[in-house]
Structure formats: C-alpha cells, structure tokens
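**Student:** Contents of entry03.cif (mmCIF, C-alpha atoms):
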data_target
loop_
_atom_site.label_atom_id
_atom_site.label_comp_id
_atom_site.auth_asym_id
_atom_site.auth_seq_id
_atom_site.Cartn_x
_atom_site.Cartn_y
_atom_site.Cartn_z
CA MET S 1 88.94 112.24 81.73
CA GLN S 2 90.74 109.60 79.64
CA ASN S 3 88.62 107.28 77.50
CA PHE S 4 89.69 103.63 77.57
CA ILE S 5 88.09 101.01 75.30
CA PHE S 6 88.51 97.46 76.57
CA ILE S 7 87.90 94.82 73.90
CA SER S 8 86.32 91.58 75.19
CA PRO S 9 86.42 92.54 78.89
CA ASN S 10 84.45 89.40 79.77
CA PHE S 11 87.13 86.89 78.65
CA PRO S 12 89.16 85.62 80.33
CA THR S 13 86.68 85.82 83.17
CA ASN S 14 89.17 87.45 85.55
CA TYR S 15 89.86 90.42 83.24
CA TRP S 16 87.04 92.46 84.71
CA GLN S 17 89.60 93.35 87.38
CA PHE S 18 91.60 95.39 84.84
CA CYS S 19 88.41 97.37 84.17
CA ARG S 20 87.69 97.83 87.88
CA GLU S 21 91.11 99.31 88.55
CA LEU S 22 90.90 101.60 85.52
CA LYS S 23 87.54 102.91 86.69
CA ASN S 24 88.85 103.33 90.24
CA ASN S 25 91.61 105.48 88.75
CA GLY S 26 89.05 107.80 87.16
CA LEU S 27 89.11 106.56 83.56
CA ASN S 28 86.00 106.29 81.42
CA VAL S 29 85.94 102.53 80.79
CA LEU S 30 84.07 101.45 77.66
CA GLY S 31 83.63 97.76 76.87
CA ILE S 32 83.06 96.07 73.50
CA GLY S 33 82.15 92.39 73.50
CA ASP S 34 79.92 89.74 72.01
CA GLN S 35 78.26 88.56 75.23
CA PRO S 36 74.82 90.02 76.00
CA TYR S 37 75.00 92.71 78.66
CA GLU S 38 72.58 90.91 80.97
CA GLU S 39 74.93 87.89 81.01
CA LEU S 40 77.98 89.86 82.14
CA LYS S 41 79.26 89.31 85.66
CA PRO S 42 77.88 91.93 88.07
CA GLU S 43 81.47 92.90 88.93
CA LEU S 44 82.19 93.64 85.27
CA LYS S 45 79.00 95.65 84.82
CA ALA S 46 80.00 97.78 87.81
CA SER S 47 83.46 98.29 86.30
CA LEU S 48 82.24 99.67 82.95
CA ASN S 49 80.84 103.09 82.18
CA GLU S 50 79.18 101.69 79.05
CA TYR S 51 79.09 98.43 77.11
CA TYR S 52 78.53 97.94 73.39
CA LYS S 53 77.49 94.45 72.28
CA VAL S 54 78.49 93.25 68.82
CA ASN S 55 77.27 90.06 67.18
CA SER S 56 80.83 88.92 66.54
CA LEU S 57 84.21 90.30 67.57
CA GLU S 58 85.54 88.61 64.42
CA ASN S 59 83.58 91.12 62.32
CA TYR S 60 85.87 94.11 61.95
CA ASP S 61 83.17 96.39 60.57
CA GLU S 62 80.98 95.78 63.61
CA VAL S 63 83.79 96.47 66.06
CA TYR S 64 84.85 99.52 64.04
CA ARG S 65 81.33 100.93 64.29
CA ALA S 66 81.36 100.33 68.05
CA VAL S 67 84.60 102.29 68.44
CA ALA S 68 83.22 105.05 66.19
CA PHE S 69 80.10 105.25 68.36
CA PHE S 70 82.16 105.66 71.52
CA ALA S 71 84.41 108.25 69.85
CA PHE S 72 81.33 110.25 68.73
CA LYS S 73 79.72 110.04 72.18
CA TYR S 74 82.75 110.54 74.44
CA GLY S 75 85.36 112.22 72.25
CA ARG S 76 88.92 111.17 71.56
CA ILE S 77 89.79 107.60 72.53
CA ASP S 78 93.03 107.59 74.52
CA TRP S 79 93.54 103.85 74.94
CA LEU S 80 92.30 100.66 73.30
CA GLU S 81 93.35 97.23 74.62
CA SER S 82 92.16 93.67 75.01
CA ASN S 83 95.26 92.32 76.82
CA ASN S 84 94.53 89.21 74.78
CA GLU S 85 96.86 87.49 72.28
CA TYR S 86 94.00 86.57 69.97
CA TRP S 87 92.99 90.21 69.40
CA LEU S 88 96.44 91.86 69.20
CA GLU S 89 96.26 92.43 65.45
CA ARG S 90 92.66 93.60 65.68
CA ASP S 91 93.61 96.02 68.47
CA ALA S 92 96.46 97.41 66.38
CA ALA S 93 94.22 97.88 63.33
CA LEU S 94 91.65 99.79 65.38
CA ARG S 95 94.33 101.99 66.93
CA THR S 96 95.74 102.72 63.50
CA ASP S 97 92.35 103.53 61.99
CA PHE S 98 91.32 105.78 64.89
CA HIS S 99 94.75 107.39 65.42
CA ILE S 100 95.10 106.01 68.95
CA THR S 101 98.84 106.35 69.52
CA SER S 102 99.16 104.79 72.98
CA GLY S 103 99.79 101.24 71.71
CA PHE S 104 101.13 99.13 68.88
CA GLN S 105 100.03 100.00 65.34
CA THR S 106 99.49 97.70 62.37
CA SER S 107 103.05 98.40 61.19
CA ASP S 108 104.39 96.96 64.46
CA MET S 109 102.69 93.59 64.10
CA PRO S 110 105.27 91.58 62.11
CA ARG S 111 107.97 91.73 64.80
CA ILE S 112 105.61 90.89 67.65
CA LYS S 113 103.34 88.31 66.00
CA TYR S 114 105.55 86.36 63.58
CA LYS S 115 107.91 83.95 65.28
CA SER S 116 110.42 84.19 62.43
CA LYS S 117 110.54 88.00 62.70
CA MET S 118 111.00 87.91 66.49
CA LYS S 119 114.38 86.22 66.13
CA GLU S 120 116.05 89.31 64.68
CA TYR S 121 115.04 91.40 67.68
CA TYR S 122 116.09 88.73 70.16
CA GLN S 123 119.47 88.55 68.46
CA LYS S 124 119.82 92.34 68.65
CA ALA S 125 119.27 91.95 72.40
CA GLY S 126 122.10 89.41 72.55
CA ILE S 127 119.82 86.45 73.27
CA ALA S 128 120.44 83.11 71.55
CA THR S 129 117.70 81.67 69.31
CA ALA S 130 117.00 78.24 67.86
CA ARG S 131 117.86 77.72 64.19
CA TYR S 132 114.81 77.74 61.94
CA HIS S 133 113.49 77.10 58.43
CA MET S 134 110.28 78.34 56.85
CA VAL S 135 108.40 75.22 55.77
CA ASP S 136 108.44 74.80 51.99
CA ASP S 137 108.70 71.36 50.37
CA LEU S 138 110.02 67.98 51.45
CA ALA S 139 113.48 68.57 50.00
CA GLY S 140 113.87 71.94 51.71
CA CYS S 141 112.70 70.60 55.07
CA LYS S 142 114.93 67.53 54.87
CA ALA S 143 117.91 69.75 54.09
CA PHE S 144 117.22 71.69 57.29
CA VAL S 145 116.79 68.47 59.28
CA ALA S 146 120.15 67.32 57.92
CA GLN S 147 121.70 70.36 59.66
CA VAL S 148 119.92 70.19 63.03
CA GLY S 149 118.75 66.58 63.32
CA TYR S 150 115.44 65.20 64.56
CA PRO S 151 113.28 65.99 66.41
CA VAL S 152 112.14 69.33 65.00
CA VAL S 153 109.15 71.46 65.98
CA VAL S 154 106.75 72.98 63.44
CA LYS S 155 104.05 75.53 64.20
CA PRO S 156 102.26 78.43 62.50
CA ASP S 157 104.58 81.41 62.12
CA ASN S 158 101.71 83.56 63.36
CA GLY S 159 99.97 81.44 65.97
CA VAL S 160 98.48 81.63 69.45
CA GLY S 161 99.96 79.51 72.22
CA ALA S 162 100.81 75.91 71.38
CA SER S 163 97.89 75.37 69.02
CA ASP S 164 98.72 73.36 65.89
CA THR S 165 102.26 72.68 67.11
CA HIS S 166 103.89 69.40 66.11
CA ARG S 167 107.08 67.60 67.12
CA LEU S 168 108.42 65.56 64.21
CA SER S 169 110.90 62.75 64.85
CA SER S 170 111.29 61.02 61.47
CA ASP S 171 111.01 61.49 57.72
CA LYS S 172 107.71 59.60 57.89
CA GLU S 173 106.27 62.10 60.37
CA LEU S 174 107.61 64.99 58.29
CA GLU S 175 105.90 63.64 55.17
CA ALA S 176 102.65 63.17 57.11
CA PHE S 177 102.82 66.77 58.39
CA LEU S 178 103.40 68.17 54.90
CA ALA S 179 100.39 66.21 53.64
CA TYR S 180 98.30 67.56 56.53
CA LYS S 181 99.44 71.11 55.83
CA GLU S 182 98.65 70.83 52.12
CA LYS S 183 95.18 69.47 52.83
CA GLU S 184 94.12 71.49 55.86
CA HIS S 185 96.17 74.72 55.83
CA PRO S 186 97.71 75.30 52.40
CA ASP S 187 97.89 79.07 52.88
CA VAL S 188 99.32 79.08 56.41
CA ALA S 189 103.03 79.80 56.83
CA TYR S 190 104.73 77.36 59.21
CA ILE S 191 108.10 77.71 60.88
CA MET S 192 110.31 74.68 61.59
CA GLU S 193 112.80 74.95 64.45
CA GLU S 194 115.44 72.73 65.95
CA PHE S 195 114.23 71.08 69.13
CA VAL S 196 115.43 72.70 72.34
CA ARG S 197 115.77 70.45 75.37
CA ALA S 198 114.60 72.85 78.02
CA GLU S 199 111.96 74.05 80.41
CA VAL S 200 110.14 77.31 79.74
CA ASN S 201 110.91 80.31 81.95
CA SER S 202 108.98 83.54 81.52
CA TYR S 203 109.52 87.22 82.17
CA ASP S 204 106.24 88.84 83.17
CA ALA S 205 106.41 92.58 83.56
CA ILE S 206 104.48 95.83 83.45
CA ILE S 207 106.36 98.37 81.34
CA ASP S 208 105.85 102.12 81.58
CA ALA S 209 105.66 104.72 78.81
CA HIS S 210 109.47 105.08 78.81
CA GLY S 211 110.11 101.36 78.32
CA ASN S 212 111.10 100.73 81.94
CA PRO S 213 109.68 97.95 84.14
CA ILE S 214 107.63 99.00 87.15
CA PHE S 215 106.86 95.40 88.16
CA GLU S 216 108.59 92.09 87.32
CA ALA S 217 107.86 88.42 88.01
CA GLY S 218 108.21 85.13 86.17
CA ASN S 219 106.90 81.61 85.87
CA VAL S 220 108.34 78.20 85.09
CA SER S 221 106.71 75.47 82.98
CA PRO S 222 108.59 72.22 83.59
CA VAL S 223 106.31 70.35 81.18
CA SER S 224 105.91 71.55 77.59
CA ILE S 225 102.54 73.13 76.77
CA MET S 226 102.91 71.47 73.36
CA ASP S 227 103.07 68.06 75.03
CA ILE S 228 100.14 68.87 77.35
CA VAL S 229 97.95 69.82 74.38
CA ASN S 230 99.07 67.00 72.09
CA ASN S 231 99.04 64.27 74.76
CA ASP S 232 95.87 65.41 76.55
CA ASP S 233 97.93 65.56 79.72
CA ASN S 234 97.73 67.28 83.10
CA SER S 235 99.14 70.80 83.31
CA ILE S 236 101.57 72.36 85.76
CA TYR S 237 103.42 75.63 86.03
CA TYR S 238 104.32 77.95 88.87
CA ILE S 239 105.21 81.53 89.65
CA ILE S 240 108.78 81.46 90.83
CA LYS S 241 109.38 82.86 94.31
CA ASP S 242 112.16 85.19 93.16
CA LEU S 243 113.00 86.10 89.57
CA PRO S 244 116.43 84.80 88.48
CA GLU S 245 118.83 87.55 87.47
CA ASP S 246 119.50 86.10 84.01
CA THR S 247 115.77 85.97 83.25
CA ARG S 248 115.40 89.57 84.43
CA ALA S 249 118.34 90.70 82.28
CA ALA S 250 117.07 88.89 79.19
CA GLY S 251 113.55 90.25 79.69
CA ARG S 252 114.73 93.82 80.06
CA ALA S 253 116.97 93.54 77.00
CA ALA S 254 114.08 92.16 74.95
CA VAL S 255 111.79 94.98 76.12
CA LYS S 256 114.28 97.52 74.76
CA SER S 257 114.90 95.63 71.52
CA PHE S 258 111.19 95.21 70.72
CA GLY S 259 110.37 98.80 71.68
CA VAL S 260 107.80 97.94 74.34
CA LYS S 261 106.01 100.81 76.08
CA SER S 262 102.91 101.02 78.30
CA ARG S 263 102.18 97.28 78.31
CA PHE S 264 101.85 94.17 80.41
CA VAL S 265 104.12 91.59 78.72
CA HIS S 266 104.82 87.87 78.91
CA PHE S 267 108.14 86.91 77.30
CA GLU S 268 109.00 83.23 77.08
CA PHE S 269 112.51 81.83 77.22
CA PHE S 270 113.94 78.34 77.16
CA ARG S 271 116.24 77.40 80.02
CA MET S 272 118.30 74.60 78.55
CA THR S 273 118.29 71.34 80.48
CA GLU S 274 121.33 69.98 78.63
CA ASP S 275 124.15 71.31 76.46
CA GLN S 276 123.32 71.96 72.79
CA ALA S 277 126.22 73.04 70.63
CA SER S 278 124.23 75.46 68.46
CA MET S 279 122.84 77.40 71.44
CA GLY S 280 125.00 76.93 74.51
CA LYS S 281 125.33 75.17 77.83
CA LYS S 282 122.84 73.66 80.25
CA GLY S 283 121.11 76.39 82.24
CA GLN S 284 121.52 79.04 79.55
CA ILE S 285 118.60 81.26 78.50
CA VAL S 286 117.45 80.91 74.87
CA ALA S 287 114.67 82.92 73.22
CA LEU S 288 111.28 81.31 72.62
CA GLU S 289 108.73 84.03 71.82
CA VAL S 290 107.34 87.36 72.94
CA ASN S 291 103.73 87.90 73.95
CA MET S 292 102.65 91.52 74.21
CA ARG S 293 99.97 90.85 76.80
CA PRO S 294 99.66 89.33 80.28
CA CYS S 295 100.36 85.64 80.68
CA GLY S 296 97.13 83.83 79.90
CA GLY S 297 94.35 82.43 81.99
CA PHE S 298 94.54 83.02 85.73
CA THR S 299 98.24 83.86 85.85
CA PRO S 300 97.71 87.53 86.85
CA ASP S 301 95.90 86.29 89.96
CA MET S 302 98.70 83.81 90.62
CA ILE S 303 101.26 86.62 90.41
CA ASP S 304 99.18 88.54 92.96
CA PHE S 305 99.26 85.55 95.31
CA ALA S 306 103.00 85.05 94.78
CA ARG S 307 103.90 88.69 95.41
CA SER S 308 101.18 89.75 97.87
CA THR S 309 100.16 92.57 95.55
CA ASN S 310 97.64 93.57 92.85
CA VAL S 311 99.00 93.57 89.28
CA TYR S 312 95.62 94.69 87.93
CA LYS S 313 96.05 97.90 89.91
CA ILE S 314 99.74 98.26 89.01
CA TRP S 315 98.82 98.03 85.32
CA ALA S 316 95.92 100.47 85.69
CA ASP S 317 98.15 102.88 87.64
CA MET S 318 100.67 102.74 84.78
CA ILE S 319 97.88 103.60 82.33
CA ALA S 320 96.41 106.43 84.41
CA PHE S 321 99.45 107.90 86.16
CA GLY S 322 102.55 106.49 84.46
CA GLY S 323 103.66 104.65 87.60
CA THR S 324 102.39 103.09 90.81
CA ASP S 325 102.75 103.15 94.57
CA MET S 326 101.13 99.72 94.97
CA PRO S 327 103.26 97.78 97.50
CA VAL S 328 104.68 94.32 96.88
CA GLY S 329 104.70 92.09 99.93
CA GLU S 330 106.06 88.71 100.96
CA HIS S 331 107.09 86.40 98.11
CA TYR S 332 105.85 82.83 97.64
CA TYR S 333 105.85 80.07 95.10
CA CYS S 334 102.41 79.97 93.50
CA ALA S 335 101.65 76.60 91.94
CA PHE S 336 99.05 75.81 89.28
CA ALA S 337 97.92 72.22 88.77
CA GLY S 338 95.38 71.39 86.08
CA ARG S 339 93.88 67.92 86.31
CA ARG S 340 92.58 66.28 83.15
CA ASP S 341 89.16 64.63 83.37
CA GLY S 342 89.09 60.88 82.88
CA LYS S 343 92.30 60.07 84.74
CA SER S 344 92.34 57.93 87.88
CA PHE S 345 93.83 60.06 90.66
CA VAL S 346 95.00 58.74 94.02
CA TYR S 347 93.61 61.67 96.01
CA SER S 348 90.05 62.89 95.65
CA HIS S 349 89.13 66.53 95.35
CA GLU S 350 87.84 66.50 98.91
CA GLN S 351 91.04 64.96 100.27
CA LEU S 352 93.17 67.58 98.53
CA MET S 353 91.01 70.40 99.82
CA GLN S 354 91.31 69.11 103.35
CA LYS S 355 95.08 68.57 103.21
CA TYR S 356 95.90 71.90 101.53
CA GLN S 357 93.11 74.10 102.87
CA ASP S 358 95.60 76.64 104.26
CA ASN S 359 97.46 76.87 100.94
CA MET S 360 94.66 76.92 98.37
CA ARG S 361 94.01 80.27 96.70
CA MET S 362 91.83 79.33 93.70
CA VAL S 363 89.90 76.15 92.95
CA ASP S 364 87.62 75.99 89.93
CA ARG S 365 86.67 74.34 86.67
CA ILE S 366 88.71 75.61 83.74
CA PRO S 367 86.74 77.22 80.86
CA GLU S 368 86.49 75.03 77.79
CA ALA S 369 88.43 77.56 75.69
CA LEU S 370 91.46 77.15 77.98
CA SER S 371 91.18 73.47 78.88
CA GLY S 372 93.33 72.18 76.01
CA ALA S 373 96.44 73.74 77.53
CA MET S 374 95.40 73.88 81.18
CA GLY S 375 93.37 70.76 82.00
CA ASN S 376 89.80 70.64 83.33
CA GLN S 377 90.02 71.16 87.09
CA MET S 378 92.45 73.69 88.51
CA TYR S 379 94.11 74.07 91.88
CA VAL S 380 96.19 77.15 92.69
CA ALA S 381 98.14 77.19 95.95
CA THR S 382 101.00 79.12 97.54
CA PHE S 383 104.04 77.77 99.39
CA SER S 384 107.03 79.26 101.14
CA THR S 385 109.46 76.56 99.99
CA ARG S 386 110.04 74.60 96.82
CA ASP S 387 109.91 71.30 98.73
CA GLU S 388 106.36 72.09 99.91
CA MET S 389 105.33 72.90 96.35
CA GLU S 390 106.82 69.68 94.96
CA LYS S 391 104.89 67.65 97.55
CA PHE S 392 101.70 69.44 96.48
CA TYR S 393 102.29 68.53 92.83
CA SER S 394 103.08 64.96 93.77
CA ASP S 395 99.77 64.66 95.65
CA VAL S 396 97.53 66.49 93.18
CA LEU S 397 98.76 64.58 90.13
CA ALA S 398 99.37 61.16 91.68
CA VAL S 399 97.62 58.51 89.54
CA THR S 400 96.68 54.91 90.13
CA ASP S 401 97.13 53.15 86.78
CA ALA S 402 100.48 52.02 85.37
CA THR S 403 100.31 54.00 82.13
CA ASN S 404 99.81 57.32 83.87
CA ALA S 405 102.34 56.32 86.51
CA LYS S 406 104.99 56.58 83.80
CA VAL S 407 103.90 60.17 83.25
CA GLN S 408 104.10 60.72 87.01
CA ALA S 409 107.68 59.48 87.02
CA GLU S 410 108.54 61.91 84.24
CA LEU S 411 106.93 64.74 86.24
CA ALA S 412 109.11 63.89 89.23
CA LYS S 413 112.17 64.03 86.99
CA VAL S 414 111.43 67.50 85.59
CA LEU S 415 110.60 68.89 89.02
CA ALA S 416 113.95 67.64 90.22
CA LEU S 417 115.72 70.02 87.81
CA GLY S 418 115.88 72.67 90.50
CA GLU S 419 116.15 76.33 89.65
CA PRO S 420 118.79 78.98 89.01
CA GLU S 421 119.93 81.33 91.72
CA ALA S 422 117.56 84.28 92.16
CA VAL S 423 118.34 87.74 93.39
#
Show me, as structure tokens, the structure contained in the file I just sent.

**Tutor:**
Amino acid sequence: MQNFIFISPNFPTNYWQFCRELKNNGLNVLGIGDQPYEELKPELKASLNEYYKVNSLENYDEVYRAVAFFAFKYGRIDWLESNNEYWLERDAALRTDFHITSGFQTSDMPRIKYKSKMKEYYQKAGIATARYHMVDDLAGCKAFVAQVGYPVVVKPDNGVGASDTHRLSSDKELEAFLAYKEKEHPDVAYIMEEFVRAEVNSYDAIIDAHGNPIFEAGNVSPVSIMDIVNNDDNSIYYIIKDLPEDTRAAGRAAVKSFGVKSRFVHFEFFRMTEDQASMGKKGQIVALEVNMRPCGGFTPDMIDFARSTNVYKIWADMIAFGGTDMPVGEHYYCAFAGRRDGKSFVYSHEQLMQKYQDNMRMVDRIPEALSGAMGNQMYVATFSTRDEMEKFYSDVLAVTDATNAKVQAELAKVLALGEPEAV
C-alpha cells in the first residue's frame, strides 16, 4: 500500500475530495494540519486514515516531526503534497529531507517559484514573455521605464497570486512604491515588468509520470485579479467550453520545458487584447506565470461542472495507477461570479436564484482567506452558450449607482472581446 501525506487537507475546504479519491484508490492517506481533528468536516475525517495536528504549519520542525512520526509508523512515504501554492516550498523541503522522489525537490524551486526564473523556461518553450527588471533604485527603475514606458507592474519575485502587486503609471507612483518597499519590505525582491494589455487565459492539466497530459481544460479571466484585489471589485472568470488550440500547445510546451511530472498544474498566459511591438499581435499568447498546483479556490469543482467529470478522481488515478479511465462528458461554460459586499446590486440573491435555478451549481459565502481575490458571495453556474453566460454576468453584477455603473460598462467591454477558435 502506498503512503500519501496530504499537507493541510482542510484548506481549501473542497480539497477533502482529493483525499477521498486517494483513499478510494487504496492509498493510505495521512493528513497533517493545524485545525483540531474534531473541527474537520466529517467527509474529510472519513477520507483520512490518520490525522496529525500541529500547532502551526509555519513551524517546519513541527511538520517535520509529524512526517517522521508517519514514516516510523507506516514505513516509507511515497507521496507528499498539499496542492497549495503557499506550501510548495515547504512540500519540496520535506520531500528532500525524507527522500520522497515523487515530486519537486528544493533544488527545483527557483524555476517554479521565482517569476524572473520562469522566463528562461518559457523562452525555451518558444513562448513570448514581457520584458522585466529586478527592482533596485530609482535610477535603475526609471531607465527600464524609459525602454518600456508606463504603466509598469511590480510584484514580489516569489509571491502568491496577485498579493502585493502594484501598477505604476508615473514617476511619482514609482517613487512612492520604492519608499513603501524600503519601509515595509526592504529584504523582498520585486520584479518590474512592462504592462501587457491582455486577458488571462489558463492551461489547467493533470500530467502523468512521463510528462504527458491525461486531462486538459482552461479558464479565462477577463478582469485582472490585480485590479480586483486593489480596487476591492467584483470577481469574474469562467471555464472555457473548449480549450483553444494555441493555449493547449503553449501549455504542453511549458510542461516539457519546466519538467513537470505527476502533477495537477495551472499555467497562466496573457492573450493580448491589442498589438504590442515587444511581444506580438492582438490575440497572441504571452507567458505570465506557472503554478505547480490546481487553480485555486473552487476551480476544480468548476472544471468538473464544465466537463461533466471528476478531476479529483483523475488526479488520484494518476497518483495510484499512472492514468485514468474516468470519462469526460458534455462540455459547458462554467461561470464564476464573486459579488463584493457593500455594493448596491440590481438583482437580489433570491431573484438570481429563482431566475438561474436550473443553471446554478454552487452558491456560497467565500472564505475570508480567498475573498480579496474572489469577492464575498459566489455564484457558479453552467451554460451551453457564451451568450447565456454573458447574460448571467450582466444580471449578477448589475449595480444601481453611477460609480459602479462605470465598472459595469467596463465589464461589458471586456466580455465583448470574444474568444479564439477552439478545437
């Protein structure tokens, strides 16, 4: 029997399904987390063979002792994963220390965690990247801006999601950012990149031990996560009904270049919404960043709804058997809309539920840890056509006051971009 340690199986709250499918496939599923056992969801408890509570997952010594305990009790640990961006480096350190060879090691981290290092591997895959500069002093940054022009985007070179990401549009804003960095994060390395006028398209795939995809999908984010976080805005993104061929090709090339094996991945690309001389023409794919884990939050469930399948099982089958016979059914658009509390919406929750009762697949409050990027109240629904999905977005996010109406007009504009041909 294979021993699988799942780090933080209780967060995100839907990740217990990974554990369930592993256990159904005959693995010994061992959880390590900081939530008391009695507070775990019953479904998660039933999906674990044993759970070890630590006071803090941030404390490496504590987590190390937990892994050592499981190794002493059950023997060799075959797999260790969290499927969570925040713990990728911790996972790699534990694998390295315990000689668990089924995943990334500490030596692999630079190319998959540092945005500046990723560019080399994207370029090897033949995928265009935005020009960049490692933030140093005012003179160095202004010299870079002189090449690419404002606006520019700055963010931690090793960061999670869109946290601490800034768009700078003037020398004054640049000077303010450098002052902020010096005061708040003097030891953090930041990367500055030319601004790409684009929407975000993703390649979401489950990759087998030979580096080949056994399942592929993708999502589109018409509105920048950076803007959602920084402007305290509503959130939208959707699983595309059929994956465009250029996204598929870029994703597969990146998988090979980065040496991905036995993982669920979420690779982000820009699809340019206008020509930019340094990168190419409108519609072209440009690299953004790789994420060596599933797309965050409830996206795995959305992929299930969009493909009439079970990606938790497909992933667990890959772990246990190297492949899967899980069928994929009819394809749909699966739309996520995250409403932000405090806004004046035209349609009440009850009205939306009545109008879209046949389409709704998930309706819930968003956990505080995810609300910055995803809003406070989520609606997930499936549609056969793009027109139906656009009407849903228009209704869910329709607002009554003039200020937010401007945002609504911008939403209508980005949704009107259309999509590339899929195959």

**Student:** List the spatial neighbours of Leu40 in chain S as a PyMOL selection string - criterion: any atom at most 12 Å away, all atoms listed in the file, same-chain residues fewer than 4 positions off excluded.

**Tutor:** chain S and resi 8-11+13-16+31-36+44-48+51-53

**Student:** What residues have an atom no more than 9 Å from (114.9, 90.8, 88.5) in the file's own frame, counting only C-alpha atoms, and can you write them as a count of residues only?

**Tutor:** 14

**Student:** Determine the residue membership of the PyMOL selection byres ((chain S and resi 2) around 9) for the file above and supply it as a list in words.

**Tutor:**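 Matching residues under the PyMOL selection byres ((chain S and resi 2) around 9) are Met1, Asn3, Phe4, Gly26, Leu27, Asn28, Val29, Arg76, Ile77, Asp78, Trp79 and Ala320 of chain S.
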
**Student:** Can you find the residues with an atom no farther than 12 Å from (118.6, 71.7, 56.2), counting only C-alpha atoms, and report them as a PyMOL selection string?

**Tutor:** chain S and resi 131-150+152+192-194

**Student:** Interatomic distance between CA of Lys155 in chain S and CA of Ile191 in chain S?

**Tutor:**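 Between these atoms lies a distance of 5.7 Å.
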
**Student:** When distances are computed from all atoms listed in the file, which of S:Phe298, S:Phe70, S:Phe321, S:Tyr238 shows the smallest separation from Thr382 in chain S?

**Tutor:**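 The shortest atom-to-atom distance to Thr382 in chain S comes from S:Tyr238.
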
**Student:** For Lys256 in chain S, work out the shell of residues within 12 Å, counting all atoms listed in the file and skipping chain neighbours fewer than 5 positions away, then give it as a list in words.

**Tutor:**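 Within the cut-off, the hits are Tyr121, Tyr122, Lys124, Ala125, Gly126, Ile207, Asp208, Ala209, His210, Gly211, Asn212, Pro213, Ala249, Ala250, Gly251 and Lys261 of chain S.
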
**Student:** Could you check how far CA of Ala373 in chain S sits from CA of Leu178 in chain S, in Å to one decimal?

**Tutor:** 24.3 Å

**Student:** Measuring between all atoms listed in the file, which one of S:Cys334, S:Val346, S:Ile314, S:Met118 shows the shortest distance to Val220 in chain S?

**Tutor:**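 Nearest to Val220 in chain S: S:Cys334.
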
**Student:** In Å, how far is it from CA of Ile5 in chain S to CA of Lys115 in chain S?

**Tutor:**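 CA of Lys115 in chain S lies 28.0 Å from CA of Ile5 in chain S.
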
**Student:** Carefully work through the PyMOL selection byres ((chain S and resi 353) around 12) for this structure and note down the residues it includes, as a list in words.

**Tutor:**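 So the PyMOL selection byres ((chain S and resi 353) around 12), applied here, picks out Tyr347, Ser348, His349, Glu350, Gln351, Leu352, Gln354, Lys355, Tyr356, Gln357, Asp358, Asn359, Met360, Arg361, Met362, Val363, Asp364, Met378, Tyr379, Val380, Ala381, Phe392, Asp395 and Val396 of chain S.
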
**Student:** Find the residue from S:Arg339, S:Lys281, S:Arg365, S:Arg386 that sits nearest to Val399 in chain S; use only C-alpha atoms when measuring.

**Tutor:**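 Looking only at the distances to Val399 in chain S, the closest residue turns out to be S:Arg339.
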